[in-house]
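Containing mmCIF, C-alpha atoms: structure.cif.
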```cif
data_my_file
loop_
_atom_site.label_atom_id
_atom_site.label_comp_id
_atom_site.auth_asym_id
_atom_site.auth_seq_id
_atom_site.Cartn_x
_atom_site.Cartn_y
_atom_site.Cartn_z
CA MET S 6 -1.64 41.22 -4.20
CA LYS S 7 1.10 38.72 -4.92
CA ALA S 8 1.76 35.36 -3.35
CA ARG S 9 4.57 32.87 -3.62
CA VAL S 10 4.01 29.21 -2.82
CA THR S 11 7.09 27.07 -2.24
CA VAL S 12 6.60 23.32 -2.42
CA THR S 13 9.32 21.06 -1.06
CA LEU S 14 9.65 17.34 -0.45
CA LYS S 15 9.05 16.22 3.11
CA ALA S 16 12.05 15.13 5.15
CA GLY S 17 12.71 11.44 4.64
CA VAL S 18 11.22 11.31 1.14
CA LEU S 19 13.86 10.17 -1.33
CA ASP S 20 14.79 12.91 -3.82
CA PRO S 21 16.78 11.34 -6.68
CA GLN S 22 16.64 14.59 -8.68
CA GLY S 23 18.12 16.52 -5.74
CA GLN S 24 20.82 13.87 -5.42
CA ALA S 25 21.67 14.17 -9.13
CA ILE S 26 21.91 17.97 -8.82
CA GLU S 27 24.10 17.57 -5.74
CA GLY S 28 26.39 15.21 -7.70
CA SER S 29 26.57 17.68 -10.57
CA LEU S 30 27.48 20.59 -8.25
CA LYS S 31 30.28 18.46 -6.84
CA THR S 32 31.44 17.61 -10.37
CA LEU S 33 31.60 21.36 -11.09
CA GLY S 34 33.93 21.71 -8.12
CA PHE S 35 31.72 23.56 -5.65
CA PRO S 36 33.06 22.62 -2.21
CA GLY S 37 31.04 21.94 0.90
CA VAL S 38 27.69 20.96 -0.64
CA ALA S 39 26.30 18.67 2.04
CA SER S 40 22.85 18.12 0.52
CA VAL S 41 20.50 19.36 -2.21
CA ARG S 42 16.71 19.01 -2.16
CA GLN S 43 14.74 20.35 -5.13
CA GLY S 44 11.21 21.72 -5.18
CA LYS S 45 8.78 24.02 -6.98
CA VAL S 46 7.82 27.68 -6.75
CA PHE S 47 4.45 29.11 -7.84
CA ASP S 48 3.97 32.89 -8.18
CA LEU S 49 0.33 33.92 -8.00
CA VAL S 50 -1.22 37.31 -8.69
CA LEU S 51 -4.49 37.68 -6.80
CA GLU S 52 -7.34 40.12 -6.99
CA GLY S 53 -8.48 41.73 -3.73
CA THR S 54 -6.62 43.02 -0.68
CA ASP S 55 -7.72 40.76 2.16
CA VAL S 56 -4.53 38.96 3.16
CA GLU S 57 -6.16 36.48 5.51
CA ALA S 58 -8.80 35.53 2.95
CA ALA S 59 -6.05 35.06 0.39
CA ARG S 60 -4.03 32.90 2.78
CA SER S 61 -7.03 30.72 3.43
CA GLN S 62 -7.75 30.38 -0.29
CA ILE S 63 -4.13 29.55 -1.16
CA THR S 64 -3.98 26.97 1.61
CA SER S 65 -6.96 25.28 -0.01
CA MET S 66 -5.26 25.51 -3.43
CA CYS S 67 -2.17 23.82 -1.99
CA ASP S 68 -4.15 21.03 -0.36
CA LYS S 69 -6.25 20.41 -3.47
CA LEU S 70 -3.74 20.82 -6.28
CA LEU S 71 -0.44 22.65 -5.90
CA ALA S 72 1.13 20.18 -3.46
CA ASN S 73 0.81 16.45 -2.97
CA THR S 74 0.68 16.43 0.80
CA VAL S 75 1.58 12.73 0.92
CA ILE S 76 5.13 13.64 -0.05
CA GLU S 77 5.34 17.45 -0.08
CA ASN S 78 5.21 20.41 2.32
CA TYR S 79 4.29 23.92 1.24
CA ALA S 80 4.97 27.45 2.47
CA ILE S 81 2.96 30.56 1.54
CA GLU S 82 4.31 34.13 1.40
CA ILE S 83 1.95 37.01 0.61
CA SER S 84 3.06 40.53 -0.35
CA ASN S 85 1.17 43.61 -1.46
CA MET O 28 -18.73 -7.25 -19.20
CA LYS O 29 -19.55 -3.64 -19.93
CA ALA O 30 -16.51 -1.42 -19.70
CA ALA O 31 -15.76 2.25 -20.14
CA VAL O 32 -12.36 3.72 -20.95
CA ILE O 33 -11.72 7.28 -19.78
CA VAL O 34 -9.68 9.34 -22.24
CA PHE O 35 -7.63 12.38 -21.27
CA PRO O 36 -5.55 14.58 -23.57
CA GLY O 37 -2.03 13.20 -23.74
CA LEU O 38 -2.75 9.53 -23.19
CA ASN O 39 -1.09 7.18 -25.66
CA ARG O 40 -2.02 3.71 -24.38
CA ASP O 41 -5.77 4.17 -24.70
CA ARG O 42 -5.95 2.36 -28.05
CA ASP O 43 -3.99 -0.61 -26.68
CA MET O 44 -6.39 -0.81 -23.74
CA ILE O 45 -9.48 -0.53 -25.95
CA ALA O 46 -8.08 -3.29 -28.21
CA ALA O 47 -7.34 -5.56 -25.24
CA LEU O 48 -10.81 -5.11 -23.71
CA THR O 49 -12.46 -5.65 -27.09
CA LYS O 50 -10.44 -8.78 -27.90
CA VAL O 51 -10.99 -10.42 -24.54
CA SER O 52 -14.64 -9.50 -23.98
CA GLY O 53 -15.87 -9.41 -27.59
CA THR O 54 -17.45 -6.03 -26.92
CA ALA O 55 -15.92 -2.64 -27.53
CA PRO O 56 -15.79 -0.48 -24.40
CA ALA O 57 -17.56 2.87 -24.16
CA ILE O 58 -15.14 5.76 -24.65
CA VAL O 59 -15.67 8.61 -22.20
CA TRP O 60 -14.00 12.01 -22.62
CA HIS O 61 -12.55 13.60 -19.49
CA GLN O 62 -14.77 16.69 -19.79
CA ASP O 63 -17.91 14.54 -19.67
CA THR O 64 -19.82 14.47 -16.42
CA GLU O 65 -21.84 11.28 -17.03
CA LEU O 66 -20.65 7.69 -17.16
CA PRO O 67 -22.63 4.92 -18.86
CA ASP O 68 -23.81 2.00 -16.72
CA VAL O 69 -20.73 -0.23 -16.73
CA ASP O 70 -19.10 -2.97 -14.63
CA LEU O 71 -15.58 -1.73 -15.17
CA ILE O 72 -13.99 1.70 -15.58
CA VAL O 73 -10.47 1.77 -17.03
CA ILE O 74 -7.99 4.64 -17.02
CA PRO O 75 -5.18 3.82 -19.47
CA GLY O 76 -1.58 4.94 -19.63
CA GLY O 77 0.19 7.81 -21.30
CA PHE O 78 1.16 11.35 -20.40
CA SER O 79 -2.04 13.19 -19.54
CA TYR O 80 -1.48 16.96 -19.71
CA GLY O 81 2.18 16.32 -20.51
CA ASP O 82 2.80 15.28 -16.89
CA TYR O 83 2.55 18.98 -15.93
CA LEU O 84 2.73 19.76 -12.19
CA ARG O 85 2.90 16.07 -11.17
CA CYS O 86 2.08 12.96 -13.22
CA GLY O 87 -1.70 12.56 -13.22
CA ALA O 88 -2.31 15.68 -11.10
CA ILE O 89 -4.31 17.68 -13.65
CA ALA O 90 -6.24 14.69 -15.01
CA ALA O 91 -7.23 13.69 -11.48
CA ARG O 92 -9.10 17.01 -11.14
CA SER O 93 -11.02 16.61 -14.44
CA PRO O 94 -14.84 16.79 -14.40
CA ILE O 95 -15.33 13.03 -15.07
CA MET O 96 -13.33 12.05 -11.99
CA ASP O 97 -16.20 12.95 -9.62
CA GLN O 98 -18.25 10.27 -11.39
CA VAL O 99 -15.38 7.77 -11.29
CA ARG O 100 -15.04 8.39 -7.55
CA ALA O 101 -18.80 8.02 -7.00
CA ARG O 102 -18.94 4.75 -8.97
CA ALA O 103 -15.92 3.36 -7.12
CA GLU O 104 -17.70 4.11 -3.86
CA GLN O 105 -20.72 2.19 -5.16
CA GLY O 106 -18.49 -0.83 -5.87
CA THR O 107 -17.89 -0.53 -9.63
CA LYS O 108 -14.48 -1.95 -10.52
CA VAL O 109 -11.87 0.63 -11.51
CA LEU O 110 -8.55 -0.24 -13.17
CA GLY O 111 -5.74 2.26 -13.68
CA VAL O 112 -2.62 1.32 -15.63
CA CYS O 113 0.59 3.37 -15.59
CA ASN O 114 -0.56 7.00 -15.95
CA GLY O 115 -3.97 5.64 -14.95
CA PHE O 116 -2.43 4.43 -11.67
CA GLN O 117 -0.86 7.86 -11.17
CA ILE O 118 -4.25 9.50 -11.83
CA LEU O 119 -6.05 7.21 -9.32
CA ILE O 120 -3.46 8.06 -6.68
CA GLU O 121 -3.67 11.80 -7.37
CA ALA O 122 -7.48 11.52 -7.21
CA GLY O 123 -7.23 9.96 -3.77
CA LEU O 124 -8.77 6.63 -4.85
CA LEU O 125 -5.56 4.81 -3.91
CA PRO O 126 -3.06 5.75 -1.17
CA GLY O 127 0.58 6.84 -1.47
CA ALA O 128 2.48 8.59 -4.25
CA LEU O 129 4.34 7.66 -7.44
CA MET O 130 7.65 9.48 -7.65
CA ARG O 131 10.46 9.83 -10.18
CA ASN O 132 12.30 6.50 -10.77
CA THR O 133 15.40 6.32 -8.59
CA SER O 134 17.52 5.85 -11.73
CA LEU O 135 16.03 9.14 -13.05
CA LYS O 136 15.63 7.28 -16.33
CA PHE O 137 12.53 6.38 -18.29
CA VAL O 138 12.38 2.58 -18.14
CA CYS O 139 10.87 0.66 -21.04
CA ARG O 140 11.43 -3.05 -20.67
CA GLU O 141 9.97 -6.30 -19.47
CA VAL O 142 9.90 -7.13 -15.77
CA LYS O 143 8.71 -10.09 -13.76
CA LEU O 144 5.76 -9.65 -11.46
CA GLU O 145 4.75 -11.74 -8.51
CA VAL O 146 1.00 -12.02 -8.02
CA THR O 147 0.80 -11.32 -4.29
CA ASN O 148 -2.98 -11.42 -3.97
CA ALA O 149 -4.89 -13.69 -6.37
CA ASP O 150 -8.14 -13.39 -4.43
CA THR O 151 -9.56 -10.29 -6.16
CA ASP O 152 -11.76 -9.64 -9.18
CA PHE O 153 -8.67 -8.42 -11.03
CA THR O 154 -6.28 -11.25 -10.19
CA ARG O 155 -8.53 -14.33 -9.97
CA GLY O 156 -7.06 -15.55 -13.27
CA TYR O 157 -3.71 -16.03 -11.55
CA THR O 158 -2.52 -18.02 -8.56
CA LYS O 159 -0.92 -16.49 -5.48
CA GLY O 160 2.85 -16.44 -5.84
CA GLN O 161 2.70 -16.89 -9.62
CA ILE O 162 5.45 -15.07 -11.49
CA ILE O 163 4.36 -13.45 -14.74
CA ARG O 164 6.10 -11.41 -17.42
CA CYS O 165 4.88 -7.87 -18.03
CA PRO O 166 6.23 -4.79 -19.83
CA VAL O 167 6.75 -1.49 -18.06
CA ALA O 168 7.23 1.95 -19.63
CA HIS O 169 7.39 4.88 -17.24
CA HIS O 170 9.46 7.67 -15.72
CA ASP O 171 7.56 8.03 -12.46
CA GLY O 172 6.65 4.63 -11.06
CA ASN O 173 8.54 4.74 -7.79
CA TYR O 174 5.86 3.89 -5.24
CA PHE O 175 6.11 5.75 -1.96
CA ALA O 176 3.90 5.71 1.12
CA ASP O 177 4.50 6.43 4.79
CA ALA O 178 5.29 3.54 7.14
CA GLU O 179 1.75 3.39 8.48
CA THR O 180 0.21 3.14 4.99
CA LEU O 181 2.71 0.46 3.93
CA LYS O 182 1.88 -1.53 7.05
CA ARG O 183 -1.83 -1.29 6.25
CA LEU O 184 -1.30 -2.29 2.60
CA GLU O 185 0.68 -5.36 3.65
CA GLY O 186 -1.56 -6.22 6.60
CA GLU O 187 -4.80 -6.01 4.62
CA ASP O 188 -3.33 -7.85 1.62
CA LEU O 189 -3.73 -4.82 -0.64
CA VAL O 190 -0.52 -5.31 -2.62
CA ALA O 191 -1.74 -7.10 -5.77
CA PHE O 192 1.53 -7.24 -7.72
CA ARG O 193 5.18 -6.94 -6.72
CA TYR O 194 8.29 -6.72 -8.90
CA ALA O 195 9.93 -10.13 -8.63
CA GLU O 196 13.44 -11.50 -8.68
CA GLY O 197 15.34 -8.24 -8.46
CA THR O 198 13.48 -6.68 -11.40
CA ASN O 199 12.25 -3.59 -9.50
CA PRO O 200 12.72 -0.98 -12.26
CA ASN O 201 12.02 2.19 -10.30
CA GLY O 202 12.91 1.93 -6.61
CA SER O 203 9.35 1.31 -5.38
CA LEU O 204 9.13 0.63 -1.66
CA HIS O 205 8.43 -3.04 -0.90
CA ASP O 206 8.86 -3.72 -4.66
CA ILE O 207 5.24 -2.58 -5.07
CA ALA O 208 3.97 -2.69 -8.67
CA GLY O 209 0.22 -2.58 -8.07
CA ILE O 210 -2.12 -1.90 -5.16
CA LEU O 211 -5.81 -2.18 -4.29
CA ASN O 212 -8.09 0.07 -2.29
CA ALA O 213 -9.46 -1.23 1.02
CA ARG O 214 -12.61 -2.55 -0.68
CA LYS O 215 -10.49 -4.25 -3.39
CA ASN O 216 -12.60 -2.88 -6.25
CA VAL O 217 -9.95 -0.38 -7.39
CA LEU O 218 -6.60 -1.59 -8.76
CA GLY O 219 -3.73 0.58 -9.94
CA LEU O 220 -0.53 -0.84 -11.41
CA MET O 221 2.46 0.55 -13.30
CA PRO O 222 3.07 -2.43 -15.67
CA HIS O 223 1.02 -2.88 -18.85
CA PRO O 224 -0.89 -6.19 -18.88
CA GLU O 225 -2.82 -4.94 -21.95
CA ASN O 226 0.40 -5.20 -23.95
CA LEU O 227 0.84 -8.94 -23.39
CA ILE O 228 -2.46 -10.57 -24.26
CA GLU O 229 -1.87 -12.43 -27.53
CA ALA O 230 0.87 -14.46 -29.19
CA ALA O 231 1.76 -11.60 -31.52
CA HIS O 232 2.77 -9.60 -28.43
CA GLY O 233 5.34 -12.27 -27.61
CA GLY O 234 3.35 -13.61 -24.68
CA THR O 235 -0.05 -13.76 -23.05
CA ASP O 236 0.74 -13.32 -19.36
CA GLY O 237 -1.41 -10.18 -19.12
CA ARG O 238 -4.51 -11.80 -20.55
CA ALA O 239 -5.63 -13.51 -17.33
CA LEU O 240 -6.23 -10.11 -15.72
CA PHE O 241 -8.84 -9.34 -18.38
CA THR O 242 -10.34 -12.85 -18.55
CA GLY O 243 -10.58 -12.82 -14.75
CA LEU O 244 -12.55 -9.58 -14.86
CA LEU O 245 -14.71 -10.86 -17.70
CA GLY O 246 -15.60 -14.06 -15.87
CA GLN O 247 -16.90 -12.00 -12.98
CA ALA O 248 -19.13 -9.59 -14.85
CA ALA O 249 -20.38 -11.79 -17.74
#
```
Hey, can you dump this file as structure tokens for me?
Amino acid sequence: MKARVTVTLKAGVLDPQGQAIEGSLKTLGFPGVASVRQGKVFDLVLEGTDVEAARSQITSMCDKLLANTVIENYAIEISN
Amino acid sequence: MKAAVIVFPGLNRDRDMIAALTKVSGTAPAIVWHQDTELPDVDLIVIPGGFSYGDYLRCGAIAARSPIMDQVRARAEQGTKVLGVCNGFQILIEAGLLPGALMRNTSLKFVCREVKLEVTNADTDFTRGYTKGQIIRCPVAHHDGNYFADAETLKRLEGEDLVAFRYAEGTNPNGSLHDIAGILNARKNVLGLMPHPENLIEAAHGGTDGRALFTGLLGQAA
């Protein structure tokens, strides 16, 4: 079983790295870039086949380590 | 004063901190490795600066989940004083001992220079050597010192007088909200700050403004 965790900054949290990337995209001449927010992706390979158990375990992983929930949100996708 | 310094792989300010504690107190601190699960009986636990685990994931995130941190948390709850400087501050925040988050500097640059700090609360074990409103010099050296907390947390920090140090006179080097340089926990026995008082304790450093933090602590514990 595979899982992908996407961690992004919460709305309203300043993202200077995203702003720098946005500036660079504009410098490269890409039109119409209104905003860039950067984040992290974690790809996990899990043993077992119980999707709900995996979701529960990954939620705990996110709360304890993968995300800093003061400033970040996370989303979990699980695929077989 | 009996002190212990916690050492994680990737720190680089641990020797400076050990030297400062030894010079001011006359006694060398105990050195405790992050994989240890026991702490000696001490009055003060210090987490120095550096780049624990190469700042992987988030600054301080991996170190904050090290085995020794359960003991640090338990001692803090019992009232033992805990000081975290720079990466140590980041580790205390990641461990949940202090609120908020320390994010990438708004300039995106590593800043290594001297700033001015205002002592905003001089009525703590850490800051008793200063007077409220005093402006002191202090070096900073960090990439992720931009203090962030939600509006409710900021209100609580200000309302309960938990901001110990603020960047003064337009010297905020990192974009920290409310110019916050150092904060206390609600019980005021845990202090985290980004600047390095241990690097300004004797004339050879070019100043001694950081020394009063250590002498203040020493006077308390004797």
Study note, to complete from the structure: Across S:Gly28, S:Gly53, S:Pro21, S:Gly44, the smallest distance to chain O, with only C-alpha atoms counted, is shown by S:Pro21
Exercise for review: Define the interface residues of chain O facing chain S as those within 8 Å, counting all atoms listed in the file, and report them as number ranges by chain.
Suggested key: O: 84, 88, 121, 127-128, 131-135, 176-177
To test your reading of the syntax: which residues would the PyMOL selection byres ((chain S and resi 8-14) around 8) return for the file shown? Reply as a PDB file with C-alpha atoms, in the frame of the given file.
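Result file selection-v5.pdb:
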```pdb
ATOM      1  CA  MET S   6      -1.640  41.220  -4.200  1.00  0.00           C
ATOM      2  CA  LYS S   7       1.100  38.720  -4.920  1.00  0.00           C
ATOM      3  CA  LYS S  15       9.050  16.220   3.110  1.00  0.00           C
ATOM      4  CA  ALA S  16      12.050  15.130   5.150  1.00  0.00           C
ATOM      5  CA  VAL S  18      11.220  11.310   1.140  1.00  0.00           C
ATOM      6  CA  ASP S  20      14.790  12.910  -3.820  1.00  0.00           C
ATOM      7  CA  ARG S  42      16.710  19.010  -2.160  1.00  0.00           C
ATOM      8  CA  GLN S  43      14.740  20.350  -5.130  1.00  0.00           C
ATOM      9  CA  GLY S  44      11.210  21.720  -5.180  1.00  0.00           C
ATOM     10  CA  LYS S  45       8.780  24.020  -6.980  1.00  0.00           C
ATOM     11  CA  VAL S  46       7.820  27.680  -6.750  1.00  0.00           C
ATOM     12  CA  PHE S  47       4.450  29.110  -7.840  1.00  0.00           C
ATOM     13  CA  ASP S  48       3.970  32.890  -8.180  1.00  0.00           C
ATOM     14  CA  LEU S  49       0.330  33.920  -8.000  1.00  0.00           C
ATOM     15  CA  VAL S  50      -1.220  37.310  -8.690  1.00  0.00           C
ATOM     16  CA  LEU S  51      -4.490  37.680  -6.800  1.00  0.00           C
ATOM     17  CA  LEU S  71      -0.440  22.650  -5.900  1.00  0.00           C
ATOM     18  CA  ALA S  72       1.130  20.180  -3.460  1.00  0.00           C
ATOM     19  CA  ILE S  76       5.130  13.640  -0.050  1.00  0.00           C
ATOM     20  CA  GLU S  77       5.340  17.450  -0.080  1.00  0.00           C
ATOM     21  CA  ASN S  78       5.210  20.410   2.320  1.00  0.00           C
ATOM     22  CA  TYR S  79       4.290  23.920   1.240  1.00  0.00           C
ATOM     23  CA  ALA S  80       4.970  27.450   2.470  1.00  0.00           C
ATOM     24  CA  ILE S  81       2.960  30.560   1.540  1.00  0.00           C
ATOM     25  CA  GLU S  82       4.310  34.130   1.400  1.00  0.00           C
ATOM     26  CA  ILE S  83       1.950  37.010   0.610  1.00  0.00           C
ATOM     27  CA  SER S  84       3.060  40.530  -0.350  1.00  0.00           C
TER      28      SER S  84
END
```
Practice item. Determine the residue membership of the PyMOL selection byres ((chain O and resi 35) around 12) for the file above and supply it as a ChimeraX atom specification. Key: /O:32-34,36-41,58-63,73-82,87-96,114-115,118
Exercise for review: Do a neighbour search on region 45-50 of chain O at 12 Å with all atoms listed in the file, toss out local chain neighbours closer than 2 positions, and write the hits as a VMD selection string.
Suggested key: chain O and resid 28 to 34 39 to 43 52 to 59 71 to 76 110 223 to 229 232 235 237 to 245
Using the incomplete input, complete region 39-68 of chain S to the level of N, CA and C atoms; output as a compact mmCIF listing (two decimals), in the frame of the given file.
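Ended up saving to part_16.txt:
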```txt
# COMPACT_ATOMS: atom_id res chain seq x y z
N ALA S 39 26.63 19.83 1.23
CA ALA S 39 26.30 18.67 2.04
C ALA S 39 25.05 17.96 1.52
N SER S 40 24.10 18.73 0.96
CA SER S 40 22.85 18.12 0.52
C SER S 40 22.09 19.08 -0.38
N VAL S 41 21.38 18.56 -1.37
CA VAL S 41 20.50 19.36 -2.21
C VAL S 41 19.13 18.69 -2.25
N ARG S 42 18.10 19.48 -1.99
CA ARG S 42 16.71 19.01 -2.16
C ARG S 42 16.05 19.97 -3.12
N GLN S 43 15.38 19.46 -4.15
CA GLN S 43 14.74 20.35 -5.13
C GLN S 43 13.25 20.43 -4.87
N GLY S 44 12.65 21.52 -5.37
CA GLY S 44 11.21 21.72 -5.18
C GLY S 44 10.64 22.61 -6.26
N LYS S 45 9.47 23.19 -5.98
CA LYS S 45 8.78 24.02 -6.98
C LYS S 45 8.36 25.35 -6.35
N VAL S 46 8.31 26.38 -7.19
CA VAL S 46 7.82 27.68 -6.75
C VAL S 46 6.68 28.12 -7.66
N PHE S 47 5.58 28.59 -7.07
CA PHE S 47 4.45 29.11 -7.84
C PHE S 47 4.27 30.58 -7.45
N ASP S 48 4.26 31.48 -8.43
CA ASP S 48 3.97 32.89 -8.18
C ASP S 48 2.55 33.18 -8.63
N LEU S 49 1.74 33.63 -7.70
CA LEU S 49 0.33 33.92 -8.00
C LEU S 49 0.09 35.43 -7.91
N VAL S 50 -0.74 35.93 -8.81
CA VAL S 50 -1.22 37.31 -8.69
C VAL S 50 -2.71 37.23 -8.38
N LEU S 51 -3.11 37.83 -7.27
CA LEU S 51 -4.49 37.68 -6.80
C LEU S 51 -5.22 39.01 -6.81
N GLU S 52 -6.51 38.93 -7.11
CA GLU S 52 -7.34 40.12 -6.99
C GLU S 52 -7.75 40.28 -5.53
N GLY S 53 -8.06 41.51 -5.10
CA GLY S 53 -8.48 41.73 -3.73
C GLY S 53 -7.31 42.11 -2.84
N THR S 54 -7.64 42.52 -1.60
CA THR S 54 -6.62 43.02 -0.68
C THR S 54 -6.66 42.34 0.68
N ASP S 55 -7.57 41.40 0.86
CA ASP S 55 -7.72 40.76 2.16
C ASP S 55 -6.70 39.63 2.30
N VAL S 56 -5.64 39.90 3.06
CA VAL S 56 -4.53 38.96 3.16
C VAL S 56 -4.96 37.64 3.80
N GLU S 57 -5.77 37.72 4.84
CA GLU S 57 -6.16 36.48 5.51
C GLU S 57 -7.06 35.62 4.63
N ALA S 58 -7.95 36.29 3.88
CA ALA S 58 -8.80 35.53 2.95
C ALA S 58 -7.95 34.86 1.88
N ALA S 59 -6.94 35.61 1.41
CA ALA S 59 -6.05 35.06 0.39
C ALA S 59 -5.29 33.86 0.93
N ARG S 60 -4.80 34.00 2.17
CA ARG S 60 -4.03 32.90 2.78
C ARG S 60 -4.89 31.64 2.89
N SER S 61 -6.12 31.84 3.29
CA SER S 61 -7.03 30.72 3.43
C SER S 61 -7.30 30.06 2.07
N GLN S 62 -7.48 30.91 1.05
CA GLN S 62 -7.75 30.38 -0.29
C GLN S 62 -6.53 29.64 -0.84
N ILE S 63 -5.34 30.19 -0.63
CA ILE S 63 -4.13 29.55 -1.16
C ILE S 63 -3.84 28.24 -0.42
N THR S 64 -4.15 28.22 0.86
CA THR S 64 -3.98 26.97 1.61
C THR S 64 -4.84 25.87 0.99
N SER S 65 -6.07 26.24 0.64
CA SER S 65 -6.96 25.28 -0.01
C SER S 65 -6.41 24.86 -1.38
N MET S 66 -5.86 25.82 -2.12
CA MET S 66 -5.26 25.51 -3.43
C MET S 66 -4.11 24.51 -3.27
N CYS S 67 -3.31 24.72 -2.24
CA CYS S 67 -2.17 23.82 -1.99
C CYS S 67 -2.66 22.42 -1.66
N ASP S 68 -3.65 22.34 -0.78
CA ASP S 68 -4.15 21.03 -0.36
C ASP S 68 -4.83 20.29 -1.50
```
